[in-house]
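Q: Okay, so here is input_18.cif, and as you'll see once you scroll down, it has mmCIF, C-alpha atoms and all ligand atoms.
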data_data
loop_
_atom_site.group_PDB
_atom_site.id
_atom_site.type_symbol
_atom_site.label_atom_id
_atom_site.label_comp_id
_atom_site.auth_asym_id
_atom_site.auth_seq_id
_atom_site.Cartn_x
_atom_site.Cartn_y
_atom_site.Cartn_z
ATOM 1 C CA MET A 1 -8.742 -27.892 -65.579
ATOM 2 C CA SER A 2 -8.774 -24.115 -66.026
ATOM 3 C CA LEU A 3 -6.683 -21.628 -64.067
ATOM 4 C CA ASN A 4 -9.816 -20.460 -62.275
ATOM 5 C CA GLU A 5 -10.773 -23.996 -61.265
ATOM 6 C CA ILE A 6 -7.366 -24.796 -59.790
ATOM 7 C CA LYS A 7 -7.396 -21.430 -58.018
ATOM 8 C CA GLN A 8 -10.765 -22.196 -56.381
ATOM 9 C CA SER A 9 -9.616 -25.667 -55.367
ATOM 10 C CA ILE A 10 -6.444 -24.323 -53.685
ATOM 11 C CA LYS A 11 -8.468 -21.593 -51.976
ATOM 12 C CA GLN A 12 -10.758 -24.236 -50.480
ATOM 13 C CA LYS A 13 -7.814 -26.312 -49.342
ATOM 14 C CA LEU A 14 -6.066 -23.399 -47.599
ATOM 15 C CA ALA A 15 -9.023 -21.277 -46.432
ATOM 16 C CA SER A 16 -8.902 -22.502 -42.836
ATOM 17 C CA GLU A 17 -5.169 -21.701 -42.495
ATOM 18 C CA PHE A 18 -4.878 -18.208 -44.014
ATOM 19 C CA GLU A 19 -6.736 -14.887 -44.042
ATOM 20 C CA ALA A 20 -8.475 -14.183 -47.372
ATOM 21 C CA ILE A 21 -6.209 -11.216 -48.256
ATOM 22 C CA GLU A 22 -3.021 -13.158 -47.528
ATOM 23 C CA LEU A 23 -4.340 -16.173 -49.436
ATOM 24 C CA ASN A 24 -5.187 -14.115 -52.522
ATOM 25 C CA SER A 25 -1.776 -12.477 -52.524
ATOM 26 C CA MET A 26 0.025 -15.836 -52.098
ATOM 27 C CA LEU A 27 -2.064 -17.399 -54.862
ATOM 28 C CA SER A 28 -1.240 -14.610 -57.259
ATOM 29 C CA MET A 29 2.512 -15.059 -56.547
ATOM 30 C CA LEU A 30 2.207 -18.818 -56.934
ATOM 31 C CA ILE A 31 0.328 -18.580 -60.234
ATOM 32 C CA GLU A 32 2.916 -16.171 -61.611
ATOM 33 C CA HIS A 33 5.694 -18.517 -60.465
ATOM 34 C CA ILE A 34 4.133 -21.607 -62.049
ATOM 35 C CA THR A 35 2.555 -20.184 -65.212
ATOM 36 C CA GLY A 36 4.657 -17.073 -65.779
ATOM 37 C CA TRP A 37 1.450 -14.991 -66.018
ATOM 38 C CA ASN A 38 1.437 -11.619 -64.286
ATOM 39 C CA GLN A 39 -1.700 -10.328 -62.530
ATOM 40 C CA VAL A 40 -3.303 -8.931 -65.688
ATOM 41 C CA GLN A 41 -2.531 -12.097 -67.646
ATOM 42 C CA GLN A 42 -4.019 -14.157 -64.817
ATOM 43 C CA VAL A 43 -7.344 -12.374 -65.372
ATOM 44 C CA VAL A 44 -7.136 -12.714 -69.153
ATOM 45 C CA ASN A 45 -6.256 -16.430 -68.855
ATOM 46 C CA LYS A 46 -8.735 -17.371 -66.138
ATOM 47 C CA ASP A 47 -10.464 -19.934 -68.398
ATOM 48 C CA THR A 48 -7.293 -21.180 -70.056
ATOM 49 C CA PRO A 49 -6.607 -24.879 -69.396
ATOM 50 C CA ILE A 50 -3.419 -25.557 -67.486
ATOM 51 C CA THR A 51 -1.092 -28.502 -68.063
ATOM 52 C CA GLU A 52 -0.775 -31.671 -65.962
ATOM 53 C CA ALA A 53 2.721 -30.590 -64.865
ATOM 54 C CA GLN A 54 1.339 -27.248 -63.714
ATOM 55 C CA ILE A 55 -1.499 -28.930 -61.772
ATOM 56 C CA LYS A 56 1.096 -31.099 -60.032
ATOM 57 C CA ALA A 57 3.196 -28.019 -59.179
ATOM 58 C CA PHE A 58 0.114 -26.270 -57.724
ATOM 59 C CA ASP A 59 -0.695 -29.360 -55.615
ATOM 60 C CA THR A 60 2.837 -29.671 -54.271
ATOM 61 C CA SER A 61 2.987 -25.962 -53.433
ATOM 62 C CA ALA A 62 -0.428 -25.991 -51.724
ATOM 63 C CA ASN A 63 0.735 -28.898 -49.541
ATOM 64 C CA GLU A 64 3.935 -27.030 -48.677
ATOM 65 C CA LEU A 65 1.941 -23.933 -47.727
ATOM 66 C CA LEU A 66 -0.259 -26.120 -45.519
ATOM 67 C CA LYS A 67 2.882 -27.376 -43.786
ATOM 68 C CA GLY A 68 3.869 -23.759 -43.109
ATOM 69 C CA ARG A 69 6.622 -23.298 -45.706
ATOM 70 C CA PRO A 70 6.719 -19.567 -46.477
ATOM 71 C CA ILE A 71 5.539 -18.603 -49.961
ATOM 72 C CA GLN A 72 8.830 -16.726 -50.504
ATOM 73 C CA TYR A 73 10.817 -19.965 -50.187
ATOM 74 C CA ILE A 74 8.372 -21.803 -52.466
ATOM 75 C CA ILE A 75 8.701 -19.233 -55.250
ATOM 76 C CA GLY A 76 12.378 -18.563 -54.401
ATOM 77 C CA LYS A 77 12.084 -14.799 -54.156
ATOM 78 C CA SER A 78 11.107 -11.891 -51.977
ATOM 79 C CA TRP A 79 10.987 -8.122 -52.326
ATOM 80 C CA PHE A 80 13.033 -5.468 -50.528
ATOM 81 C CA LEU A 81 12.547 -1.752 -51.205
ATOM 82 C CA GLY A 82 11.158 -2.521 -54.649
ATOM 83 C CA ASN A 83 13.802 -5.017 -55.744
ATOM 84 C CA GLU A 84 13.382 -8.743 -56.162
ATOM 85 C CA PHE A 85 15.822 -10.847 -54.103
ATOM 86 C CA ILE A 86 16.497 -14.561 -54.473
ATOM 87 C CA VAL A 87 15.806 -16.362 -51.185
ATOM 88 C CA ASN A 88 16.028 -19.926 -49.942
ATOM 89 C CA GLU A 89 16.038 -21.692 -46.578
ATOM 90 C CA ASN A 90 19.627 -20.553 -45.956
ATOM 91 C CA VAL A 91 18.653 -16.899 -45.623
ATOM 92 C CA LEU A 92 16.175 -14.886 -43.617
ATOM 93 C CA ILE A 93 13.262 -13.532 -45.654
ATOM 94 C CA PRO A 94 13.861 -9.741 -45.753
ATOM 95 C CA ARG A 95 11.413 -7.830 -43.535
ATOM 96 C CA PRO A 96 9.724 -4.405 -43.937
ATOM 97 C CA GLU A 97 11.298 -3.233 -40.647
ATOM 98 C CA THR A 98 14.726 -3.721 -42.222
ATOM 99 C CA GLU A 99 13.651 -1.580 -45.168
ATOM 100 C CA GLU A 100 13.098 1.237 -42.672
ATOM 101 C CA LEU A 101 16.614 0.781 -41.272
ATOM 102 C CA VAL A 102 18.087 1.023 -44.781
ATOM 103 C CA GLU A 103 16.000 4.139 -45.484
ATOM 104 C CA TRP A 104 17.418 5.711 -42.310
ATOM 105 C CA ILE A 105 20.987 5.002 -43.482
ATOM 106 C CA VAL A 106 20.300 6.435 -46.947
ATOM 107 C CA GLU A 107 18.813 9.530 -45.297
ATOM 108 C CA TYR A 108 21.916 9.864 -43.069
ATOM 109 C CA ALA A 109 24.355 9.297 -45.984
ATOM 110 C CA SER A 110 22.559 11.909 -48.082
ATOM 111 C CA ILE A 111 23.039 14.482 -45.317
ATOM 112 C CA VAL A 112 26.735 13.598 -44.881
ATOM 113 C CA ASP A 113 27.054 13.807 -48.668
ATOM 114 C CA ARG A 114 30.477 12.196 -49.223
ATOM 115 C CA PRO A 115 31.535 8.681 -50.257
ATOM 116 C CA LEU A 116 31.263 6.414 -47.226
ATOM 117 C CA SER A 117 32.648 3.032 -46.396
ATOM 118 C CA ILE A 118 29.862 0.750 -45.143
ATOM 119 C CA ILE A 119 29.808 -2.803 -43.814
ATOM 120 C CA ASP A 120 26.770 -4.972 -43.052
ATOM 121 C CA ILE A 121 27.272 -7.649 -40.405
ATOM 122 C CA GLY A 122 25.025 -10.723 -40.736
ATOM 123 C CA THR A 123 24.102 -10.022 -44.319
ATOM 124 C CA GLY A 124 21.886 -13.029 -45.174
ATOM 125 C CA SER A 125 20.353 -12.490 -48.621
ATOM 126 C CA GLY A 126 22.496 -9.353 -48.978
ATOM 127 C CA CYS A 127 19.390 -7.156 -49.060
ATOM 128 C CA ILE A 128 20.990 -4.426 -46.905
ATOM 129 C CA PRO A 129 24.382 -3.894 -48.615
ATOM 130 C CA ILE A 130 23.041 -4.437 -52.142
ATOM 131 C CA THR A 131 20.267 -1.883 -51.638
ATOM 132 C CA LEU A 132 22.724 0.566 -50.042
ATOM 133 C CA LYS A 133 25.238 0.168 -52.866
ATOM 134 C CA ASN A 134 22.576 0.811 -55.491
ATOM 135 C CA ALA A 135 21.143 3.791 -53.599
ATOM 136 C CA LEU A 136 24.590 5.245 -52.799
ATOM 137 C CA PRO A 137 26.814 4.238 -55.732
ATOM 138 C CA ASN A 138 29.783 6.312 -54.515
ATOM 139 C CA CYS A 139 29.981 4.369 -51.285
ATOM 140 C CA THR A 140 32.145 1.275 -50.753
ATOM 141 C CA VAL A 141 30.008 -1.525 -49.372
ATOM 142 C CA ALA A 142 30.796 -4.915 -47.828
ATOM 143 C CA GLY A 143 28.767 -7.708 -46.234
ATOM 144 C CA ILE A 144 29.839 -10.293 -43.646
ATOM 145 C CA ASP A 145 28.139 -13.558 -42.785
ATOM 146 C CA ILE A 146 29.152 -16.707 -40.958
ATOM 147 C CA SER A 147 27.160 -18.838 -43.405
ATOM 148 C CA THR A 148 28.740 -19.923 -46.692
ATOM 149 C CA ALA A 149 25.285 -20.856 -47.989
ATOM 150 C CA ALA A 150 23.847 -17.429 -47.148
ATOM 151 C CA LEU A 151 26.783 -15.696 -48.843
ATOM 152 C CA ALA A 152 26.164 -17.784 -51.973
ATOM 153 C CA VAL A 153 22.637 -16.319 -52.119
ATOM 154 C CA ALA A 154 23.938 -12.787 -51.419
ATOM 155 C CA LYS A 155 26.424 -13.122 -54.301
ATOM 156 C CA LEU A 156 23.677 -14.240 -56.683
ATOM 157 C CA ASN A 157 21.580 -11.249 -55.646
ATOM 158 C CA ALA A 158 24.476 -8.837 -56.089
ATOM 159 C CA SER A 159 25.068 -10.094 -59.570
ATOM 160 C CA LYS A 160 21.325 -10.027 -60.453
ATOM 161 C CA LEU A 161 21.011 -6.451 -59.169
ATOM 162 C CA ASN A 162 24.384 -5.269 -60.510
ATOM 163 C CA ALA A 163 25.784 -4.213 -57.152
ATOM 164 C CA LEU A 164 29.503 -4.263 -56.500
ATOM 165 C CA VAL A 165 29.716 -5.472 -52.898
ATOM 166 C CA GLU A 166 32.630 -7.196 -51.161
ATOM 167 C CA TRP A 167 31.567 -10.423 -49.417
ATOM 168 C CA ILE A 168 33.399 -11.717 -46.356
ATOM 169 C CA GLU A 169 32.854 -15.039 -44.626
ATOM 170 C CA GLN A 170 33.557 -14.418 -40.969
ATOM 171 C CA ASP A 171 32.209 -15.320 -37.538
ATOM 172 C CA ILE A 172 31.789 -11.907 -35.987
ATOM 173 C CA LEU A 173 31.599 -13.341 -32.467
ATOM 174 C CA MET A 174 35.096 -14.799 -32.903
ATOM 175 C CA SER A 175 36.602 -11.705 -34.532
ATOM 176 C CA ALA A 176 39.297 -9.750 -32.758
ATOM 177 C CA SER A 177 39.322 -7.109 -35.488
ATOM 178 C CA MET A 178 37.563 -5.969 -38.660
ATOM 179 C CA PRO A 179 38.940 -6.152 -42.205
ATOM 180 C CA ALA A 180 39.125 -2.333 -42.630
ATOM 181 C CA THR A 181 37.824 0.932 -41.194
ATOM 182 C CA TYR A 182 34.218 1.991 -41.781
ATOM 183 C CA ASP A 183 32.053 5.108 -41.668
ATOM 184 C CA ILE A 184 28.979 2.977 -41.080
ATOM 185 C CA ILE A 185 28.521 -0.454 -39.542
ATOM 186 C CA VAL A 186 25.007 -1.765 -40.038
ATOM 187 C CA SER A 187 23.618 -4.949 -38.581
ATOM 188 C CA ASN A 188 20.337 -6.782 -38.251
ATOM 189 C CA PRO A 189 21.862 -9.590 -36.207
ATOM 190 C CA PRO A 190 20.133 -12.580 -34.609
ATOM 191 C CA TYR A 191 18.227 -11.079 -31.658
ATOM 192 C CA ILE A 192 15.419 -13.393 -30.559
ATOM 193 C CA PRO A 193 16.030 -14.988 -27.140
ATOM 194 C CA THR A 194 15.652 -18.759 -27.454
ATOM 195 C CA ARG A 195 12.897 -18.802 -24.802
ATOM 196 C CA GLU A 196 10.611 -16.910 -27.234
ATOM 197 C CA ILE A 197 10.591 -19.852 -29.656
ATOM 198 C CA THR A 198 7.281 -21.086 -28.230
ATOM 199 C CA GLU A 199 5.544 -17.776 -29.055
ATOM 200 C CA MET A 200 6.767 -17.678 -32.647
ATOM 201 C CA GLN A 201 4.830 -18.480 -35.796
ATOM 202 C CA ASP A 202 5.586 -22.016 -37.059
ATOM 203 C CA GLN A 203 6.347 -20.498 -40.474
ATOM 204 C CA VAL A 204 9.300 -18.638 -38.978
ATOM 205 C CA LYS A 205 10.638 -21.057 -36.383
ATOM 206 C CA ASP A 206 10.302 -24.196 -38.512
ATOM 207 C CA HIS A 207 11.524 -22.791 -41.814
ATOM 208 C CA GLU A 208 13.793 -19.761 -41.440
ATOM 209 C CA PRO A 209 17.418 -20.484 -40.445
ATOM 210 C CA ALA A 210 17.859 -20.727 -36.668
ATOM 211 C CA ILE A 211 21.329 -19.201 -36.992
ATOM 212 C CA ALA A 212 19.687 -16.025 -38.338
ATOM 213 C CA LEU A 213 17.164 -15.757 -35.525
ATOM 214 C CA PHE A 214 18.245 -16.850 -32.082
ATOM 215 C CA VAL A 215 20.537 -15.652 -29.320
ATOM 216 C CA PRO A 216 21.132 -17.210 -25.907
ATOM 217 C CA ASP A 217 18.588 -16.223 -23.225
ATOM 218 C CA ALA A 218 21.495 -15.457 -20.900
ATOM 219 C CA ASP A 219 23.091 -12.961 -23.289
ATOM 220 C CA PRO A 220 20.563 -11.594 -25.822
ATOM 221 C CA LEU A 221 22.643 -8.482 -26.633
ATOM 222 C CA ILE A 222 25.768 -10.462 -27.489
ATOM 223 C CA PHE A 223 25.943 -9.376 -31.146
ATOM 224 C CA TYR A 224 25.432 -5.680 -30.352
ATOM 225 C CA ARG A 225 28.099 -5.759 -27.626
ATOM 226 C CA VAL A 226 30.654 -7.473 -29.859
ATOM 227 C CA ILE A 227 29.917 -5.154 -32.799
ATOM 228 C CA ALA A 228 30.038 -2.029 -30.610
ATOM 229 C CA ARG A 229 33.378 -3.232 -29.204
ATOM 230 C CA LEU A 230 34.749 -3.795 -32.718
ATOM 231 C CA GLY A 231 33.336 -0.393 -33.698
ATOM 232 C CA LYS A 232 35.677 1.267 -31.218
ATOM 233 C CA GLN A 233 38.617 -0.025 -33.278
ATOM 234 C CA CYS A 234 37.298 0.329 -36.781
ATOM 235 C CA LEU A 235 34.821 3.236 -36.940
ATOM 236 C CA THR A 236 36.195 6.382 -38.543
ATOM 237 C CA MET A 237 35.763 9.819 -36.914
ATOM 238 C CA ASN A 238 31.979 10.353 -36.527
ATOM 239 C CA GLY A 239 31.446 6.753 -37.653
ATOM 240 C CA GLN A 240 27.984 5.347 -37.003
ATOM 241 C CA LEU A 241 26.450 2.079 -35.915
ATOM 242 C CA PHE A 242 22.975 1.320 -37.278
ATOM 243 C CA PHE A 243 21.195 -1.627 -35.663
ATOM 244 C CA GLU A 244 17.868 -3.347 -36.090
ATOM 245 C CA ILE A 245 16.705 -4.506 -32.665
ATOM 246 C CA HIS A 246 14.118 -6.619 -30.868
ATOM 247 C CA TYR A 247 11.262 -4.263 -29.862
ATOM 248 C CA ASP A 248 11.835 -5.256 -26.242
ATOM 249 C CA GLN A 249 15.573 -4.545 -26.133
ATOM 250 C CA GLY A 250 15.598 -0.772 -26.794
ATOM 251 C CA LYS A 251 16.146 0.396 -23.235
ATOM 252 C CA ALA A 252 18.735 -2.259 -22.393
ATOM 253 C CA LEU A 253 20.661 -1.516 -25.587
ATOM 254 C CA LEU A 254 20.650 2.235 -25.007
ATOM 255 C CA GLU A 255 22.061 1.614 -21.537
ATOM 256 C CA MET A 256 24.699 -0.792 -22.784
ATOM 257 C CA LEU A 257 25.819 1.527 -25.593
ATOM 258 C CA ASN A 258 25.922 4.469 -23.219
ATOM 259 C CA GLU A 259 28.152 2.480 -20.857
ATOM 260 C CA MET A 260 30.364 1.629 -23.835
ATOM 261 C CA ASN A 261 30.817 5.359 -24.501
ATOM 262 C CA TYR A 262 28.373 5.689 -27.418
ATOM 263 C CA HIS A 263 25.624 8.287 -27.938
ATOM 264 C CA ALA A 264 22.642 6.264 -29.083
ATOM 265 C CA GLU A 265 19.297 7.201 -30.601
ATOM 266 C CA LEU A 266 16.280 4.894 -30.718
ATOM 267 C CA ARG A 267 13.683 4.874 -33.523
ATOM 268 C CA GLN A 268 10.324 3.169 -33.851
ATOM 269 C CA ASP A 269 9.158 1.173 -36.848
ATOM 270 C CA MET A 270 5.923 1.717 -38.762
ATOM 271 C CA TYR A 271 4.059 -0.246 -36.076
ATOM 272 C CA GLY A 272 5.314 2.134 -33.358
ATOM 273 C CA LYS A 273 7.690 -0.464 -31.869
ATOM 274 C CA ASN A 274 11.256 0.313 -30.830
ATOM 275 C CA ARG A 275 13.133 -1.208 -33.746
ATOM 276 C CA MET A 276 16.262 0.718 -34.753
ATOM 277 C CA ILE A 277 19.260 2.328 -33.106
ATOM 278 C CA ARG A 278 21.871 4.710 -34.405
ATOM 279 C CA ALA A 279 24.970 5.215 -32.269
ATOM 280 C CA SER A 280 28.277 7.054 -32.504
ATOM 281 C CA LEU A 281 31.215 7.253 -30.140
ATOM 282 C CA LYS A 282 31.262 10.131 -27.657
ATOM 283 C CA HIS A 283 34.208 12.455 -28.232
HETATM 284 C C1 LIG B 301 18.560 -11.681 -38.740
HETATM 285 S S1 LIG B 301 19.551 -12.315 -40.059
HETATM 286 C C2 LIG B 301 19.689 -10.863 -41.057
HETATM 287 C C3 LIG B 301 19.810 -11.137 -42.518
HETATM 288 C C4 LIG B 301 19.724 -9.884 -43.405
HETATM 289 N N1 LIG B 301 20.730 -8.912 -43.020
HETATM 290 C C5 LIG B 301 18.345 -9.260 -43.330
HETATM 291 O O1 LIG B 301 18.235 -8.220 -42.669
HETATM 292 O O2 LIG B 301 17.404 -9.800 -43.915
HETATM 293 C C6 LIG B 301 21.115 -12.488 -39.270
HETATM 294 C C7 LIG B 301 22.258 -13.000 -40.122
HETATM 295 O O3 LIG B 301 23.421 -13.097 -39.285
HETATM 296 C C8 LIG B 301 24.179 -14.229 -39.664
HETATM 297 N N2 LIG B 301 24.986 -14.645 -38.499
HETATM 298 C C9 LIG B 301 24.613 -15.387 -37.436
HETATM 299 N N3 LIG B 301 25.635 -15.546 -36.588
HETATM 300 C C10 LIG B 301 26.705 -14.885 -37.122
HETATM 301 C C11 LIG B 301 28.055 -14.695 -36.729
HETATM 302 N N4 LIG B 301 28.497 -15.213 -35.574
HETATM 303 N N5 LIG B 301 28.872 -13.992 -37.525
HETATM 304 C C12 LIG B 301 28.412 -13.460 -38.693
HETATM 305 N N6 LIG B 301 27.144 -13.607 -39.120
HETATM 306 C C13 LIG B 301 26.287 -14.312 -38.350
HETATM 307 C C14 LIG B 301 23.143 -15.269 -40.075
HETATM 308 O O4 LIG B 301 23.713 -16.247 -40.916
HETATM 309 C C15 LIG B 301 22.087 -14.387 -40.752
HETATM 310 O O5 LIG B 301 22.305 -14.316 -42.131
#
So, in terms of structure tokens, how does the structure I just supplied come out?
Ligand SMILES: C[S@@+](CC[C@H](N)C(=O)[O-])C[C@H]1O[C@@H](n2cnc3c(N)ncnc32)[C@H](O)[C@@H]1O

A:
Amino acid sequence: MSLNEIKQSIKQKLASEFEAIELNSMLSMLIEHITGWNQVQQVVNKDTPITEAQIKAFDTSANELLKGRPIQYIIGKSWFLGNEFIVNENVLIPRPETEELVEWIVEYASIVDRPLSIIDIGTGSGCIPITLKNALPNCTVAGIDISTAALAVAKLNASKLNALVEWIEQDILMSASMPATYDIIVSNPPYIPTREITEMQDQVKDHEPAIALFVPDADPLIFYRVIARLGKQCLTMNGQLFFEIHYDQGKALLEMLNEMNYHAELRQDMYGKNRMIRASLKH
């Protein structure tokens, strides 16, 4: 069987489940993962016969895609601001919205223009602190997560991308204090109220870690409140909180932060949805 033949057969199998553009992009990633051929080589090798082992790998992967397993978990990687990150079912797949949050922090740090101490709470794959450390090499950067398995992935990514980041295993909701003082606390914490589970794509709710996604319906802002409270103890003068938020929580979060004595600014993502907040303590 040639590469082209297996490609057509997978396309037929998955056509009813995915849009053509998404399917083509997933197929290209899958082919590169299984054969090692990049996009140009995939064209050059379209009539090249593929091995039995490769056919089996294509079949298994196509069945996994049909069951909703995200392509990023199948190939074991994802991209964040141009860098390749290792991912598995223990970490959230990095999202484009989070790239915008990191760009905002880099923009802010460039204006401040001095070495900053930064901590990321709920670090997952480590995409936020690793990208910040590589963009702002003079800054000291740390990442916290409750999950040992997520931190194992973050450490692999830090070593692959040569970023010196301190990793801390800690349950932020049970923390009375922070390990040090910080100029910036960043967090993309769990923020989806459990009741929204029924509206979510199966790919997300059945495959990404629940601990990364959900918060109790009765207290959806719990992570922001706890982090803002800790920020009062550990933010330096003019220290900043940067949060990714649920598009529906902007107003409630601004109110809560204001009541907690923070000035807060809301930003929209590329889709025009309220998605990010920057806040600093009022003097
Ligand atoms: C939405 S994910 C964000 C992952 C990554 N920062 C990103 O943006 O792709 C939230 C992360 O918070 C972590 N987390 C959940 N509860 C936590 C807690 N109580 N303390 C610390 N981290 C927690 C999860 O393990 C998960 O990695």

Q: Enter the distance from CA of Ala218 in chain A to atom C4 of ligand LIG 301 (chain B), in Å, rounded to one decimal.

A: 23.3 Å

Q: Give me the residues of chain A that have any atom at most 8 Å from an atom of ligand LIG 301 (chain B); for each, the nearest atom pair and the distance in Å, rounded to one decimal. Use all atoms listed in the file, sort by chain and number, and format it as JSON lines.

A:
{"residue": "A:Asn90", "atom": "CA", "partner": "B:LIG301", "partner_atom": "O4", "distance": 7.8}
{"residue": "A:Val91", "atom": "CA", "partner": "B:LIG301", "partner_atom": "O5", "distance": 5.7}
{"residue": "A:Leu92", "atom": "CA", "partner": "B:LIG301", "partner_atom": "O2", "distance": 5.2}
{"residue": "A:Ile93", "atom": "CA", "partner": "B:LIG301", "partner_atom": "O2", "distance": 5.8}
{"residue": "A:Pro94", "atom": "CA", "partner": "B:LIG301", "partner_atom": "O2", "distance": 4.0}
{"residue": "A:Arg95", "atom": "CA", "partner": "B:LIG301", "partner_atom": "O2", "distance": 6.3}
{"residue": "A:Thr98", "atom": "CA", "partner": "B:LIG301", "partner_atom": "O1", "distance": 5.7}
{"residue": "A:Asp120", "atom": "CA", "partner": "B:LIG301", "partner_atom": "N1", "distance": 7.2}
{"residue": "A:Ile121", "atom": "CA", "partner": "B:LIG301", "partner_atom": "N6", "distance": 6.1}
{"residue": "A:Gly122", "atom": "CA", "partner": "B:LIG301", "partner_atom": "O3", "distance": 3.2}
{"residue": "A:Thr123", "atom": "CA", "partner": "B:LIG301", "partner_atom": "N1", "distance": 3.8}
{"residue": "A:Gly124", "atom": "CA", "partner": "B:LIG301", "partner_atom": "O5", "distance": 3.3}
{"residue": "A:Ser125", "atom": "CA", "partner": "B:LIG301", "partner_atom": "C4", "distance": 5.9}
{"residue": "A:Gly126", "atom": "CA", "partner": "B:LIG301", "partner_atom": "N1", "distance": 6.2}
{"residue": "A:Cys127", "atom": "CA", "partner": "B:LIG301", "partner_atom": "O2", "distance": 6.1}
{"residue": "A:Ile128", "atom": "CA", "partner": "B:LIG301", "partner_atom": "N1", "distance": 5.9}
{"residue": "A:Ile144", "atom": "CA", "partner": "B:LIG301", "partner_atom": "C12", "distance": 6.0}
{"residue": "A:Asp145", "atom": "CA", "partner": "B:LIG301", "partner_atom": "N6", "distance": 3.8}
{"residue": "A:Ile146", "atom": "CA", "partner": "B:LIG301", "partner_atom": "C12", "distance": 4.0}
{"residue": "A:Ser147", "atom": "CA", "partner": "B:LIG301", "partner_atom": "O4", "distance": 5.0}
{"residue": "A:Ala150", "atom": "CA", "partner": "B:LIG301", "partner_atom": "O5", "distance": 6.1}
{"residue": "A:Glu169", "atom": "CA", "partner": "B:LIG301", "partner_atom": "C12", "distance": 7.6}
{"residue": "A:Gln170", "atom": "CA", "partner": "B:LIG301", "partner_atom": "C12", "distance": 5.7}
{"residue": "A:Asp171", "atom": "CA", "partner": "B:LIG301", "partner_atom": "N5", "distance": 3.6}
{"residue": "A:Ile172", "atom": "CA", "partner": "B:LIG301", "partner_atom": "N5", "distance": 3.9}
{"residue": "A:Leu173", "atom": "CA", "partner": "B:LIG301", "partner_atom": "N4", "distance": 4.8}
{"residue": "A:Met174", "atom": "CA", "partner": "B:LIG301", "partner_atom": "N4", "distance": 7.1}
{"residue": "A:Ser187", "atom": "CA", "partner": "B:LIG301", "partner_atom": "N1", "distance": 6.6}
{"residue": "A:Asn188", "atom": "CA", "partner": "B:LIG301", "partner_atom": "C2", "distance": 5.0}
{"residue": "A:Pro189", "atom": "CA", "partner": "B:LIG301", "partner_atom": "C6", "distance": 4.3}
{"residue": "A:Pro190", "atom": "CA", "partner": "B:LIG301", "partner_atom": "C1", "distance": 4.5}
{"residue": "A:Tyr191", "atom": "CA", "partner": "B:LIG301", "partner_atom": "C1", "distance": 7.1}
{"residue": "A:Pro209", "atom": "CA", "partner": "B:LIG301", "partner_atom": "O4", "distance": 7.6}
{"residue": "A:Ile211", "atom": "CA", "partner": "B:LIG301", "partner_atom": "C9", "distance": 5.1}
{"residue": "A:Ala212", "atom": "CA", "partner": "B:LIG301", "partner_atom": "C15", "distance": 3.8}
{"residue": "A:Leu213", "atom": "CA", "partner": "B:LIG301", "partner_atom": "C1", "distance": 5.4}
{"residue": "A:Phe223", "atom": "CA", "partner": "B:LIG301", "partner_atom": "N4", "distance": 7.8}

Q: Dump C-alpha atoms for the selected residues as an mmCIF file, keeping the file's coordinate frame?

A:
data_model
loop_
_atom_site.group_PDB
_atom_site.id
_atom_site.type_symbol
_atom_site.label_atom_id
_atom_site.label_comp_id
_atom_site.auth_asym_id
_atom_site.auth_seq_id
_atom_site.Cartn_x
_atom_site.Cartn_y
_atom_site.Cartn_z
ATOM 1 C CA ASN A 90 19.627 -20.553 -45.956
ATOM 2 C CA VAL A 91 18.653 -16.899 -45.623
ATOM 3 C CA LEU A 92 16.175 -14.886 -43.617
ATOM 4 C CA ILE A 93 13.262 -13.532 -45.654
ATOM 5 C CA PRO A 94 13.861 -9.741 -45.753
ATOM 6 C CA ARG A 95 11.413 -7.830 -43.535
ATOM 7 C CA THR A 98 14.726 -3.721 -42.222
ATOM 8 C CA ASP A 120 26.770 -4.972 -43.052
ATOM 9 C CA ILE A 121 27.272 -7.649 -40.405
ATOM 10 C CA GLY A 122 25.025 -10.723 -40.736
ATOM 11 C CA THR A 123 24.102 -10.022 -44.319
ATOM 12 C CA GLY A 124 21.886 -13.029 -45.174
ATOM 13 C CA SER A 125 20.353 -12.490 -48.621
ATOM 14 C CA GLY A 126 22.496 -9.353 -48.978
ATOM 15 C CA CYS A 127 19.390 -7.156 -49.060
ATOM 16 C CA ILE A 128 20.990 -4.426 -46.905
ATOM 17 C CA ILE A 144 29.839 -10.293 -43.646
ATOM 18 C CA ASP A 145 28.139 -13.558 -42.785
ATOM 19 C CA ILE A 146 29.152 -16.707 -40.958
ATOM 20 C CA SER A 147 27.160 -18.838 -43.405
ATOM 21 C CA ALA A 150 23.847 -17.429 -47.148
ATOM 22 C CA GLU A 169 32.854 -15.039 -44.626
ATOM 23 C CA GLN A 170 33.557 -14.418 -40.969
ATOM 24 C CA ASP A 171 32.209 -15.320 -37.538
ATOM 25 C CA ILE A 172 31.789 -11.907 -35.987
ATOM 26 C CA LEU A 173 31.599 -13.341 -32.467
ATOM 27 C CA MET A 174 35.096 -14.799 -32.903
ATOM 28 C CA SER A 187 23.618 -4.949 -38.581
ATOM 29 C CA ASN A 188 20.337 -6.782 -38.251
ATOM 30 C CA PRO A 189 21.862 -9.590 -36.207
ATOM 31 C CA PRO A 190 20.133 -12.580 -34.609
ATOM 32 C CA TYR A 191 18.227 -11.079 -31.658
ATOM 33 C CA PRO A 209 17.418 -20.484 -40.445
ATOM 34 C CA ILE A 211 21.329 -19.201 -36.992
ATOM 35 C CA ALA A 212 19.687 -16.025 -38.338
ATOM 36 C CA LEU A 213 17.164 -15.757 -35.525
ATOM 37 C CA PHE A 223 25.943 -9.376 -31.146
#

Q: Any idea what's packed within 12 Å of Lys133 in chain A, counting only C-alpha atoms, ignoring anything in its chain fewer than 2 positions away? Could you give it as a PyMOL selection string?

A: chain A and resi 102+105-106+109+115-120+126-131+135-143+158+161-166
